[in-house]
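The structure appears right after this line, and notes come after that.
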Amino acid sequence: VGAYTQGLELVPGNPNQYFESTGTYGGSSIRRVELNTSQALQKHELSDQYFAEGLTYYLDKDGNERLLQLTWREGVVFRYDAQTLEVLDELLMDSTTNGEGWGICFVPGKDIFYVSDGTHYLHKWNASTLELMDKIPVTYRDTGDDFVALEQERLNELEYDVHSDTILSNVWLQNYIVRIDPATGFITHRYDLTPLDRHENTDVLNGIAITDIPNEIWVTGKYWPAMYRIRLID
């Protein structure tokens, strides 16, 4: 409750804790949270000039545990020590389609980040330099007679699914998440999360965390008082 959730990651090696990025001007933070109690075990607050967005955990080329956190319109990426939440760097964000940062995920073994900005593009960044390597348009197939490929706008929070080599994404203002083939940008599945109890005075669905069991994930939303562990059924 009270967390404008932007990014969500289970702590590797500790499934009872998660990292969370929270947004809004004056309310942005990064924190380590105990899953069962929602108690913040560690927290770093950003200054009021920043609106925090997506978050991802990764190991750098030297094997150090790091977190990378985007900002919305400020063009800054924060890099943290994942153990202490100490800010190590304030980096300039490389190009996105509209200059904004929304969601980010890391692909282990490939030294790649994928970044969303609310458009229909996935932006492929070099994880060491944050340089833009490629832009992949994300599309889905219309079910009409012509089977036209349509652009999927408003891609938001991203999570790399190591079990299937795909990317899961929230779609801003929608009650579903999509599964994307990062090689083609094609949406292979759409999962309707409307049955989840939204509660009153909450905002949109946002936040996806992969578990160690294929097709089982944690999801939540902005200002939601609960997280849900669900199974995705194709």
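The way I read the labels, and the way they are meant: chains A, B, ... in the order of the structure tokens, residue 1 as the first residue of every chain, and ligand 1 as the first ligand shown, with later ones counted on from there.
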
Write out as a count of residues only the residues lying within 12 Å of A:Leu85, counting only C-alpha atoms and excluding same-chain residues fewer than 6 positions away.
21

Residues of stretch 101-193 of chain A within 7 Å of stretch 202-210 of chain A: nearest atom pair and distance (Å, one decimal) for each, counting only C-alpha atoms, sorted by chain and number, as a Markdown table?
```
| residue | atom | partner | partner_atom | distance |
| --- | --- | --- | --- | --- |
| A:Glu157 | CA | A:Gly207 | CA | 6.2 |
| A:Glu159 | CA | A:Ile208 | CA | 6.3 |
| A:Asp161 | CA | A:Ile210 | CA | 6.5 |
| A:Asn170 | CA | A:Asn206 | CA | 6.1 |
| A:Leu173 | CA | A:Val204 | CA | 5.9 |
| A:Asn175 | CA | A:Leu205 | CA | 6.2 |
```

Please, which residues in stretch 76-110 of chain A fall within 8 Å of stretch 128-152 of chain A when counting only C-alpha atoms, and what is the closest atom pair and distance in Å to one decimal for each, ordered by chain then residue number, as JSON lines?
```
{"residue": "A:Met93", "atom": "CA", "partner": "A:Leu130", "partner_atom": "CA", "distance": 7.2}
{"residue": "A:Asp94", "atom": "CA", "partner": "A:Glu131", "partner_atom": "CA", "distance": 5.8}
{"residue": "A:Ser95", "atom": "CA", "partner": "A:Leu132", "partner_atom": "CA", "distance": 6.3}
```

Using only C-alpha atoms, which residues sit within 6 Å of stretch 166-169 of chain A once same-chain residues fewer than 3 positions away are excluded, as a list in words?
Glu157, Leu158, Glu159, Tyr160, Asp161, Ile177, Val178, Arg179, Ile180 and Asp181 of chain A

Same residues, N, CA and C atoms, saved as a CSV table (one decimal), in the first residue's frame:
```csv
chain,number,residue,atom,x,y,z
A,157,GLU,N,6.4,-1.8,-18.0
A,157,GLU,CA,7.3,-2.7,-17.2
A,157,GLU,C,7.7,-3.9,-18.0
A,158,LEU,N,9.0,-4.2,-18.0
A,158,LEU,CA,9.5,-5.4,-18.7
A,158,LEU,C,10.1,-6.4,-17.8
A,159,GLU,N,10.0,-7.7,-18.1
A,159,GLU,CA,10.6,-8.7,-17.4
A,159,GLU,C,11.1,-9.8,-18.3
A,160,TYR,N,12.4,-10.1,-18.3
A,160,TYR,CA,12.9,-11.2,-19.1
A,160,TYR,C,12.6,-12.5,-18.5
A,161,ASP,N,12.0,-13.4,-19.3
A,161,ASP,CA,11.6,-14.8,-18.8
A,161,ASP,C,12.7,-15.7,-19.3
A,177,ILE,N,-1.1,-8.6,-19.7
A,177,ILE,CA,0.3,-8.6,-20.0
A,177,ILE,C,0.6,-9.4,-21.3
A,178,VAL,N,1.6,-9.1,-22.0
A,178,VAL,CA,1.9,-9.7,-23.2
A,178,VAL,C,3.3,-10.4,-23.2
A,179,ARG,N,3.4,-11.5,-24.0
A,179,ARG,CA,4.7,-12.2,-24.1
A,179,ARG,C,5.3,-11.9,-25.5
A,180,ILE,N,6.5,-11.4,-25.5
A,180,ILE,CA,7.1,-10.9,-26.7
A,180,ILE,C,8.3,-11.8,-27.1
A,181,ASP,N,8.4,-12.2,-28.3
A,181,ASP,CA,9.6,-12.8,-28.8
A,181,ASP,C,10.6,-11.7,-29.2
```

The residue from A:Glu153, A:Glu90, A:Asp111, A:Asp197 with the smallest atom-to-atom distance to A:Asp62, counting only C-alpha atoms, is A:Asp111

Which parts of stretch 36-164 of chain A does DSSP call strand (DSSP E or B) when run on the backbone here, written out as a PDB file with N, CA, C and O atoms, in the first residue's frame?
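Written out: out.pdb:
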```pdb
ATOM      1  N   ALA A  40       9.888  -2.689   4.262  1.00  0.00           N
ATOM      2  CA  ALA A  40      11.079  -2.260   3.537  1.00  0.00           C
ATOM      3  C   ALA A  40      12.310  -2.493   4.402  1.00  0.00           C
ATOM      4  O   ALA A  40      12.462  -1.896   5.468  1.00  0.00           O
ATOM      5  N   LEU A  41      13.185  -3.374   3.965  1.00  0.00           N
ATOM      6  CA  LEU A  41      14.398  -3.700   4.698  1.00  0.00           C
ATOM      7  C   LEU A  41      15.520  -2.710   4.404  1.00  0.00           C
ATOM      8  O   LEU A  41      16.360  -2.444   5.251  1.00  0.00           O
ATOM      9  N   GLN A  42      15.533  -2.199   3.188  1.00  0.00           N
ATOM     10  CA  GLN A  42      16.482  -1.162   2.756  1.00  0.00           C
ATOM     11  C   GLN A  42      15.727  -0.217   1.828  1.00  0.00           C
ATOM     12  O   GLN A  42      14.807  -0.641   1.113  1.00  0.00           O
ATOM     13  N   LYS A  43      16.128   1.042   1.835  1.00  0.00           N
ATOM     14  CA  LYS A  43      15.443   2.005   0.978  1.00  0.00           C
ATOM     15  C   LYS A  43      16.354   3.171   0.654  1.00  0.00           C
ATOM     16  O   LYS A  43      17.062   3.672   1.524  1.00  0.00           O
ATOM     17  N   HIS A  44      16.337   3.566  -0.593  1.00  0.00           N
ATOM     18  CA  HIS A  44      17.035   4.784  -1.024  1.00  0.00           C
ATOM     19  C   HIS A  44      16.022   5.667  -1.735  1.00  0.00           C
ATOM     20  O   HIS A  44      15.370   5.236  -2.696  1.00  0.00           O
ATOM     21  N   GLU A  45      15.867   6.901  -1.260  1.00  0.00           N
ATOM     22  CA  GLU A  45      14.913   7.830  -1.846  1.00  0.00           C
ATOM     23  C   GLU A  45      15.620   8.745  -2.841  1.00  0.00           C
ATOM     24  O   GLU A  45      16.711   9.247  -2.574  1.00  0.00           O
ATOM     25  N   ALA A  52      11.071   8.087 -10.826  1.00  0.00           N
ATOM     26  CA  ALA A  52      11.679   6.781 -11.102  1.00  0.00           C
ATOM     27  C   ALA A  52      10.740   5.901 -11.911  1.00  0.00           C
ATOM     28  O   ALA A  52       9.518   5.972 -11.776  1.00  0.00           O
ATOM     29  N   GLU A  53      11.339   5.058 -12.724  1.00  0.00           N
ATOM     30  CA  GLU A  53      10.562   4.134 -13.551  1.00  0.00           C
ATOM     31  C   GLU A  53      11.069   2.702 -13.363  1.00  0.00           C
ATOM     32  O   GLU A  53      11.247   2.270 -12.242  1.00  0.00           O
ATOM     33  N   GLY A  54      11.322   1.980 -14.460  1.00  0.00           N
ATOM     34  CA  GLY A  54      11.643   0.563 -14.393  1.00  0.00           C
ATOM     35  C   GLY A  54      12.968   0.253 -13.715  1.00  0.00           C
ATOM     36  O   GLY A  54      13.846   1.107 -13.561  1.00  0.00           O
ATOM     37  N   LEU A  55      13.111  -1.015 -13.329  1.00  0.00           N
ATOM     38  CA  LEU A  55      14.252  -1.484 -12.550  1.00  0.00           C
ATOM     39  C   LEU A  55      14.631  -2.877 -13.012  1.00  0.00           C
ATOM     40  O   LEU A  55      13.759  -3.701 -13.323  1.00  0.00           O
ATOM     41  N   THR A  56      15.939  -3.156 -13.040  1.00  0.00           N
ATOM     42  CA  THR A  56      16.378  -4.516 -13.326  1.00  0.00           C
ATOM     43  C   THR A  56      17.637  -4.843 -12.534  1.00  0.00           C
ATOM     44  O   THR A  56      18.454  -3.965 -12.237  1.00  0.00           O
ATOM     45  N   TYR A  57      17.763  -6.107 -12.189  1.00  0.00           N
ATOM     46  CA  TYR A  57      18.945  -6.653 -11.489  1.00  0.00           C
ATOM     47  C   TYR A  57      19.829  -7.322 -12.525  1.00  0.00           C
ATOM     48  O   TYR A  57      19.349  -7.969 -13.472  1.00  0.00           O
ATOM     49  N   TYR A  58      21.154  -7.212 -12.343  1.00  0.00           N
ATOM     50  CA  TYR A  58      22.063  -7.887 -13.266  1.00  0.00           C
ATOM     51  C   TYR A  58      23.435  -8.040 -12.620  1.00  0.00           C
ATOM     52  O   TYR A  58      23.743  -7.398 -11.612  1.00  0.00           O
ATOM     53  N   LEU A  59      24.237  -8.890 -13.201  1.00  0.00           N
ATOM     54  CA  LEU A  59      25.644  -9.023 -12.847  1.00  0.00           C
ATOM     55  C   LEU A  59      26.455  -8.310 -13.916  1.00  0.00           C
ATOM     56  O   LEU A  59      26.269  -8.555 -15.119  1.00  0.00           O
ATOM     57  N   GLU A  65      27.005  -7.632  -8.290  1.00  0.00           N
ATOM     58  CA  GLU A  65      25.551  -7.516  -8.312  1.00  0.00           C
ATOM     59  C   GLU A  65      25.151  -6.047  -8.416  1.00  0.00           C
ATOM     60  O   GLU A  65      25.542  -5.229  -7.577  1.00  0.00           O
ATOM     61  N   ARG A  66      24.372  -5.737  -9.431  1.00  0.00           N
ATOM     62  CA  ARG A  66      23.990  -4.362  -9.690  1.00  0.00           C
ATOM     63  C   ARG A  66      22.481  -4.253  -9.942  1.00  0.00           C
ATOM     64  O   ARG A  66      21.809  -5.218 -10.317  1.00  0.00           O
ATOM     65  N   LEU A  67      21.971  -3.038  -9.744  1.00  0.00           N
ATOM     66  CA  LEU A  67      20.607  -2.682 -10.106  1.00  0.00           C
ATOM     67  C   LEU A  67      20.672  -1.449 -10.992  1.00  0.00           C
ATOM     68  O   LEU A  67      21.458  -0.534 -10.735  1.00  0.00           O
ATOM     69  N   LEU A  68      19.835  -1.424 -12.011  1.00  0.00           N
ATOM     70  CA  LEU A  68      19.745  -0.264 -12.884  1.00  0.00           C
ATOM     71  C   LEU A  68      18.305   0.248 -12.844  1.00  0.00           C
ATOM     72  O   LEU A  68      17.360  -0.530 -13.013  1.00  0.00           O
ATOM     73  N   GLN A  69      18.162   1.539 -12.615  1.00  0.00           N
ATOM     74  CA  GLN A  69      16.841   2.156 -12.468  1.00  0.00           C
ATOM     75  C   GLN A  69      16.704   3.323 -13.444  1.00  0.00           C
ATOM     76  O   GLN A  69      17.542   4.227 -13.477  1.00  0.00           O
ATOM     77  N   LEU A  70      15.637   3.301 -14.235  1.00  0.00           N
ATOM     78  CA  LEU A  70      15.370   4.369 -15.181  1.00  0.00           C
ATOM     79  C   LEU A  70      14.651   5.535 -14.506  1.00  0.00           C
ATOM     80  O   LEU A  70      14.036   5.374 -13.457  1.00  0.00           O
ATOM     81  N   THR A  71      14.718   6.685 -15.142  1.00  0.00           N
ATOM     82  CA  THR A  71      13.846   7.807 -14.780  1.00  0.00           C
ATOM     83  C   THR A  71      12.983   8.134 -15.993  1.00  0.00           C
ATOM     84  O   THR A  71      13.345   7.840 -17.138  1.00  0.00           O
ATOM     85  N   VAL A  76      18.183  10.273 -16.997  1.00  0.00           N
ATOM     86  CA  VAL A  76      19.210   9.752 -16.085  1.00  0.00           C
ATOM     87  C   VAL A  76      18.898   8.307 -15.737  1.00  0.00           C
ATOM     88  O   VAL A  76      17.739   7.941 -15.520  1.00  0.00           O
ATOM     89  N   VAL A  77      19.937   7.493 -15.691  1.00  0.00           N
ATOM     90  CA  VAL A  77      19.835   6.103 -15.241  1.00  0.00           C
ATOM     91  C   VAL A  77      20.701   5.958 -14.002  1.00  0.00           C
ATOM     92  O   VAL A  77      21.881   6.327 -14.015  1.00  0.00           O
ATOM     93  N   PHE A  78      20.136   5.437 -12.918  1.00  0.00           N
ATOM     94  CA  PHE A  78      20.885   5.222 -11.680  1.00  0.00           C
ATOM     95  C   PHE A  78      21.366   3.783 -11.613  1.00  0.00           C
ATOM     96  O   PHE A  78      20.590   2.845 -11.843  1.00  0.00           O
ATOM     97  N   ARG A  79      22.655   3.623 -11.272  1.00  0.00           N
ATOM     98  CA  ARG A  79      23.216   2.287 -11.062  1.00  0.00           C
ATOM     99  C   ARG A  79      23.537   2.138  -9.582  1.00  0.00           C
ATOM    100  O   ARG A  79      24.187   3.002  -8.989  1.00  0.00           O
ATOM    101  N   TYR A  80      23.099   1.013  -9.004  1.00  0.00           N
ATOM    102  CA  TYR A  80      23.246   0.773  -7.568  1.00  0.00           C
ATOM    103  C   TYR A  80      24.035  -0.503  -7.306  1.00  0.00           C
ATOM    104  O   TYR A  80      24.026  -1.444  -8.112  1.00  0.00           O
ATOM    105  N   ASP A  81      24.650  -0.531  -6.140  1.00  0.00           N
ATOM    106  CA  ASP A  81      25.142  -1.783  -5.565  1.00  0.00           C
ATOM    107  C   ASP A  81      23.914  -2.525  -5.044  1.00  0.00           C
ATOM    108  O   ASP A  81      23.177  -2.002  -4.200  1.00  0.00           O
ATOM    109  N   VAL A  87      24.194   4.342  -4.430  1.00  0.00           N
ATOM    110  CA  VAL A  87      24.271   4.833  -5.808  1.00  0.00           C
ATOM    111  C   VAL A  87      25.734   4.823  -6.259  1.00  0.00           C
ATOM    112  O   VAL A  87      26.578   5.479  -5.658  1.00  0.00           O
ATOM    113  N   LEU A  88      26.005   4.093  -7.320  1.00  0.00           N
ATOM    114  CA  LEU A  88      27.363   4.014  -7.851  1.00  0.00           C
ATOM    115  C   LEU A  88      27.590   5.009  -8.974  1.00  0.00           C
ATOM    116  O   LEU A  88      28.679   5.565  -9.102  1.00  0.00           O
ATOM    117  N   ASP A  89      26.561   5.212  -9.807  1.00  0.00           N
ATOM    118  CA  ASP A  89      26.685   6.111 -10.955  1.00  0.00           C
ATOM    119  C   ASP A  89      25.339   6.744 -11.261  1.00  0.00           C
ATOM    120  O   ASP A  89      24.269   6.157 -11.018  1.00  0.00           O
ATOM    121  N   GLU A  90      25.405   7.944 -11.828  1.00  0.00           N
ATOM    122  CA  GLU A  90      24.258   8.561 -12.476  1.00  0.00           C
ATOM    123  C   GLU A  90      24.628   8.691 -13.942  1.00  0.00           C
ATOM    124  O   GLU A  90      25.444   9.522 -14.312  1.00  0.00           O
ATOM    125  N   LEU A  91      24.042   7.833 -14.767  1.00  0.00           N
ATOM    126  CA  LEU A  91      24.429   7.723 -16.160  1.00  0.00           C
ATOM    127  C   LEU A  91      23.401   8.415 -17.051  1.00  0.00           C
ATOM    128  O   LEU A  91      22.219   8.483 -16.722  1.00  0.00           O
ATOM    129  N   LEU A  92      23.848   8.910 -18.192  1.00  0.00           N
ATOM    130  CA  LEU A  92      22.931   9.487 -19.166  1.00  0.00           C
ATOM    131  C   LEU A  92      22.280   8.373 -19.962  1.00  0.00           C
ATOM    132  O   LEU A  92      22.947   7.441 -20.426  1.00  0.00           O
ATOM    133  N   GLY A 103      10.281   0.941 -18.909  1.00  0.00           N
ATOM    134  CA  GLY A 103      10.619  -0.364 -18.362  1.00  0.00           C
ATOM    135  C   GLY A 103      11.967  -0.843 -18.854  1.00  0.00           C
ATOM    136  O   GLY A 103      12.452  -0.419 -19.904  1.00  0.00           O
ATOM    137  N   ILE A 104      12.587  -1.757 -18.077  1.00  0.00           N
ATOM    138  CA  ILE A 104      13.899  -2.284 -18.448  1.00  0.00           C
ATOM    139  C   ILE A 104      14.040  -3.708 -17.933  1.00  0.00           C
ATOM    140  O   ILE A 104      13.531  -4.047 -16.860  1.00  0.00           O
ATOM    141  N   CYS A 105      14.723  -4.543 -18.710  1.00  0.00           N
ATOM    142  CA  CYS A 105      15.056  -5.901 -18.259  1.00  0.00           C
ATOM    143  C   CYS A 105      16.416  -6.274 -18.822  1.00  0.00           C
ATOM    144  O   CYS A 105      16.882  -5.714 -19.811  1.00  0.00           O
ATOM    145  N   PHE A 106      17.058  -7.230 -18.174  1.00  0.00           N
ATOM    146  CA  PHE A 106      18.403  -7.685 -18.525  1.00  0.00           C
ATOM    147  C   PHE A 106      18.343  -9.114 -19.032  1.00  0.00           C
ATOM    148  O   PHE A 106      17.600  -9.944 -18.494  1.00  0.00           O
ATOM    149  N   VAL A 107      19.122  -9.408 -20.066  1.00  0.00           N
ATOM    150  CA  VAL A 107      19.213 -10.765 -20.598  1.00  0.00           C
ATOM    151  C   VAL A 107      20.548 -11.360 -20.179  1.00  0.00           C
ATOM    152  O   VAL A 107      21.605 -10.960 -20.710  1.00  0.00           O
ATOM    153  N   ILE A 112      22.873  -7.594 -22.541  1.00  0.00           N
ATOM    154  CA  ILE A 112      21.877  -6.764 -23.219  1.00  0.00           C
ATOM    155  C   ILE A 112      20.801  -6.323 -22.235  1.00  0.00           C
ATOM    156  O   ILE A 112      20.346  -7.105 -21.391  1.00  0.00           O
ATOM    157  N   PHE A 113      20.408  -5.068 -22.329  1.00  0.00           N
ATOM    158  CA  PHE A 113      19.179  -4.584 -21.714  1.00  0.00           C
ATOM    159  C   PHE A 113      18.147  -4.352 -22.809  1.00  0.00           C
ATOM    160  O   PHE A 113      18.487  -3.901 -23.912  1.00  0.00           O
ATOM    161  N   TYR A 114      16.884  -4.610 -22.483  1.00  0.00           N
ATOM    162  CA  TYR A 114      15.774  -4.160 -23.320  1.00  0.00           C
ATOM    163  C   TYR A 114      15.030  -3.073 -22.558  1.00  0.00           C
ATOM    164  O   TYR A 114      14.750  -3.231 -21.362  1.00  0.00           O
ATOM    165  N   VAL A 115      14.704  -1.989 -23.242  1.00  0.00           N
ATOM    166  CA  VAL A 115      14.111  -0.817 -22.607  1.00  0.00           C
ATOM    167  C   VAL A 115      12.853  -0.407 -23.364  1.00  0.00           C
ATOM    168  O   VAL A 115      12.827  -0.406 -24.601  1.00  0.00           O
ATOM    169  N   SER A 116      11.812  -0.055 -22.610  1.00  0.00           N
ATOM    170  CA  SER A 116      10.582   0.465 -23.214  1.00  0.00           C
ATOM    171  C   SER A 116      10.427   1.938 -22.861  1.00  0.00           C
ATOM    172  O   SER A 116      10.994   2.431 -21.879  1.00  0.00           O
ATOM    173  N   TYR A 121       8.082   0.191 -29.358  1.00  0.00           N
ATOM    174  CA  TYR A 121       9.438  -0.308 -29.594  1.00  0.00           C
ATOM    175  C   TYR A 121      10.069  -0.893 -28.337  1.00  0.00           C
ATOM    176  O   TYR A 121       9.887  -0.371 -27.227  1.00  0.00           O
ATOM    177  N   LEU A 122      10.851  -1.966 -28.531  1.00  0.00           N
ATOM    178  CA  LEU A 122      11.834  -2.409 -27.559  1.00  0.00           C
ATOM    179  C   LEU A 122      13.181  -1.864 -28.010  1.00  0.00           C
ATOM    180  O   LEU A 122      13.563  -2.018 -29.176  1.00  0.00           O
ATOM    181  N   HIS A 123      13.902  -1.223 -27.093  1.00  0.00           N
ATOM    182  CA  HIS A 123      15.205  -0.643 -27.403  1.00  0.00           C
ATOM    183  C   HIS A 123      16.278  -1.551 -26.819  1.00  0.00           C
ATOM    184  O   HIS A 123      16.281  -1.820 -25.622  1.00  0.00           O
ATOM    185  N   LYS A 124      17.168  -2.007 -27.649  1.00  0.00           N
ATOM    186  CA  LYS A 124      18.204  -2.958 -27.257  1.00  0.00           C
ATOM    187  C   LYS A 124      19.474  -2.187 -26.933  1.00  0.00           C
ATOM    188  O   LYS A 124      20.036  -1.515 -27.805  1.00  0.00           O
ATOM    189  N   TRP A 125      19.897  -2.244 -25.672  1.00  0.00           N
ATOM    190  CA  TRP A 125      21.073  -1.512 -25.209  1.00  0.00           C
ATOM    191  C   TRP A 125      22.210  -2.468 -24.894  1.00  0.00           C
ATOM    192  O   TRP A 125      21.994  -3.555 -24.349  1.00  0.00           O
ATOM    193  N   ASN A 126      23.419  -2.028 -25.163  1.00  0.00           N
ATOM    194  CA  ASN A 126      24.595  -2.719 -24.665  1.00  0.00           C
ATOM    195  C   ASN A 126      24.651  -2.524 -23.153  1.00  0.00           C
ATOM    196  O   ASN A 126      24.631  -1.395 -22.672  1.00  0.00           O
ATOM    197  N   LEU A 132      22.668   2.385 -27.600  1.00  0.00           N
ATOM    198  CA  LEU A 132      21.571   1.791 -28.354  1.00  0.00           C
ATOM    199  C   LEU A 132      22.133   0.918 -29.475  1.00  0.00           C
ATOM    200  O   LEU A 132      22.906   1.381 -30.308  1.00  0.00           O
ATOM    201  N   MET A 133      21.716  -0.352 -29.494  1.00  0.00           N
ATOM    202  CA  MET A 133      22.173  -1.295 -30.507  1.00  0.00           C
ATOM    203  C   MET A 133      21.124  -1.517 -31.600  1.00  0.00           C
ATOM    204  O   MET A 133      21.469  -1.745 -32.755  1.00  0.00           O
ATOM    205  N   ASP A 134      19.849  -1.459 -31.203  1.00  0.00           N
ATOM    206  CA  ASP A 134      18.788  -1.776 -32.159  1.00  0.00           C
ATOM    207  C   ASP A 134      17.454  -1.326 -31.576  1.00  0.00           C
ATOM    208  O   ASP A 134      17.330  -1.116 -30.355  1.00  0.00           O
ATOM    209  N   LYS A 135      16.472  -1.176 -32.436  1.00  0.00           N
ATOM    210  CA  LYS A 135      15.092  -0.909 -32.037  1.00  0.00           C
ATOM    211  C   LYS A 135      14.208  -1.956 -32.694  1.00  0.00           C
ATOM    212  O   LYS A 135      14.249  -2.136 -33.908  1.00  0.00           O
ATOM    213  N   ILE A 136      13.412  -2.653 -31.883  1.00  0.00           N
ATOM    214  CA  ILE A 136      12.570  -3.722 -32.406  1.00  0.00           C
ATOM    215  C   ILE A 136      11.104  -3.313 -32.272  1.00  0.00           C
ATOM    216  O   ILE A 136      10.611  -3.111 -31.154  1.00  0.00           O
ATOM    217  N   PRO A 137      10.373  -3.155 -33.376  1.00  0.00           N
ATOM    218  CA  PRO A 137       8.947  -2.845 -33.277  1.00  0.00           C
ATOM    219  C   PRO A 137       8.167  -4.055 -32.768  1.00  0.00           C
ATOM    220  O   PRO A 137       8.404  -5.189 -33.207  1.00  0.00           O
ATOM    221  N   THR A 139       4.683  -6.033 -32.411  1.00  0.00           N
ATOM    222  CA  THR A 139       3.421  -6.127 -33.129  1.00  0.00           C
ATOM    223  C   THR A 139       2.635  -7.353 -32.688  1.00  0.00           C
ATOM    224  O   THR A 139       3.179  -8.286 -32.096  1.00  0.00           O
ATOM    225  N   TYR A 140       1.360  -7.326 -33.002  1.00  0.00           N
ATOM    226  CA  TYR A 140       0.494  -8.481 -32.786  1.00  0.00           C
ATOM    227  C   TYR A 140      -0.383  -8.643 -34.007  1.00  0.00           C
ATOM    228  O   TYR A 140      -0.564  -7.712 -34.801  1.00  0.00           O
ATOM    229  N   ARG A 141      -0.949  -9.811 -34.169  1.00  0.00           N
ATOM    230  CA  ARG A 141      -1.722 -10.107 -35.371  1.00  0.00           C
ATOM    231  C   ARG A 141      -3.205  -9.856 -35.121  1.00  0.00           C
ATOM    232  O   ARG A 141      -3.783 -10.368 -34.169  1.00  0.00           O
ATOM    233  N   ALA A 149      -0.591  -7.168 -39.121  1.00  0.00           N
ATOM    234  CA  ALA A 149       0.257  -6.958 -37.950  1.00  0.00           C
ATOM    235  C   ALA A 149       0.047  -5.538 -37.438  1.00  0.00           C
ATOM    236  O   ALA A 149       0.282  -4.564 -38.151  1.00  0.00           O
ATOM    237  N   LEU A 150      -0.413  -5.406 -36.203  1.00  0.00           N
ATOM    238  CA  LEU A 150      -0.694  -4.112 -35.598  1.00  0.00           C
ATOM    239  C   LEU A 150       0.366  -3.784 -34.557  1.00  0.00           C
ATOM    240  O   LEU A 150       0.916  -4.677 -33.910  1.00  0.00           O
ATOM    241  N   GLU A 151       0.635  -2.499 -34.373  1.00  0.00           N
ATOM    242  CA  GLU A 151       1.624  -2.063 -33.403  1.00  0.00           C
ATOM    243  C   GLU A 151       1.052  -2.100 -31.987  1.00  0.00           C
ATOM    244  O   GLU A 151      -0.069  -1.660 -31.770  1.00  0.00           O
ATOM    245  N   LEU A 155       3.957  -0.064 -24.223  1.00  0.00           N
ATOM    246  CA  LEU A 155       4.751  -1.077 -23.518  1.00  0.00           C
ATOM    247  C   LEU A 155       5.366  -0.432 -22.283  1.00  0.00           C
ATOM    248  O   LEU A 155       5.948   0.645 -22.353  1.00  0.00           O
ATOM    249  N   ASN A 156       5.255  -1.115 -21.144  1.00  0.00           N
ATOM    250  CA  ASN A 156       5.660  -0.492 -19.889  1.00  0.00           C
ATOM    251  C   ASN A 156       6.682  -1.370 -19.168  1.00  0.00           C
ATOM    252  O   ASN A 156       7.754  -1.627 -19.685  1.00  0.00           O
ATOM    253  N   GLU A 157       6.379  -1.826 -17.974  1.00  0.00           N
ATOM    254  CA  GLU A 157       7.300  -2.664 -17.199  1.00  0.00           C
ATOM    255  C   GLU A 157       7.666  -3.918 -17.983  1.00  0.00           C
ATOM    256  O   GLU A 157       6.799  -4.587 -18.559  1.00  0.00           O
ATOM    257  N   LEU A 158       8.965  -4.233 -18.008  1.00  0.00           N
ATOM    258  CA  LEU A 158       9.466  -5.393 -18.737  1.00  0.00           C
ATOM    259  C   LEU A 158      10.104  -6.391 -17.786  1.00  0.00           C
ATOM    260  O   LEU A 158      10.718  -6.005 -16.792  1.00  0.00           O
ATOM    261  N   GLU A 159       9.989  -7.670 -18.124  1.00  0.00           N
ATOM    262  CA  GLU A 159      10.642  -8.720 -17.350  1.00  0.00           C
ATOM    263  C   GLU A 159      11.102  -9.814 -18.312  1.00  0.00           C
ATOM    264  O   GLU A 159      10.295 -10.345 -19.095  1.00  0.00           O
ATOM    265  N   TYR A 160      12.386 -10.125 -18.270  1.00  0.00           N
ATOM    266  CA  TYR A 160      12.903 -11.200 -19.116  1.00  0.00           C
ATOM    267  C   TYR A 160      12.578 -12.540 -18.477  1.00  0.00           C
ATOM    268  O   TYR A 160      12.854 -12.764 -17.295  1.00  0.00           O
ATOM    269  N   ASP A 161      11.990 -13.439 -19.270  1.00  0.00           N
ATOM    270  CA  ASP A 161      11.646 -14.779 -18.807  1.00  0.00           C
ATOM    271  C   ASP A 161      12.733 -15.743 -19.260  1.00  0.00           C
ATOM    272  O   ASP A 161      12.782 -16.142 -20.425  1.00  0.00           O
TER     273      ASP A 161
END
```

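Atom CA of A:Val171 to atom CA of A:Thr188 spans 14.6 Å [interatomic distance, one decimal].
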
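Near A:Asn201, within 9 Å and counting only C-alpha atoms, sit Arg198, Tyr223 and Trp224 of chain A; same-chain residues fewer than 3 positions away were not included.
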
Excluding A:Asp48 and any residue of its chain fewer than 3 positions from it, enumerate the residues within 8 Å of it, using only C-alpha atoms, and give them as a CSV table (one decimal) with C-alpha atoms, in the first residue's frame.
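Writing the result to selection-v1.csv gives the following:
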```
chain,number,residue,atom,x,y,z
A,25,TYR,CA,7.9,13.3,-8.2
A,26,GLY,CA,8.6,13.5,-4.5
A,27,GLY,CA,7.9,9.8,-3.9
A,28,SER,CA,10.5,7.9,-6.0
A,51,PHE,CA,10.4,10.3,-11.4
```

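Taking atom CA of A:Ser164 and atom CA of A:Tyr4 as endpoints, the distance between them is 28.7 Å.
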
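Counting from atom CA of A:Asn215, the distance to atom CA of A:Trp72 is 29.4 Å.
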
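Between A:Pro225 and the residues A:Tyr18, A:Trp172, A:Ser38, A:Leu8, the shortest atom-to-atom distance, using only C-alpha atoms, involves A:Ser38.
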
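Shortest separation to A:Lys222 among A:Gly101, A:Leu196, A:Pro12, A:Gly23 occurs at residue A:Gly23, atoms counted being only C-alpha atoms.
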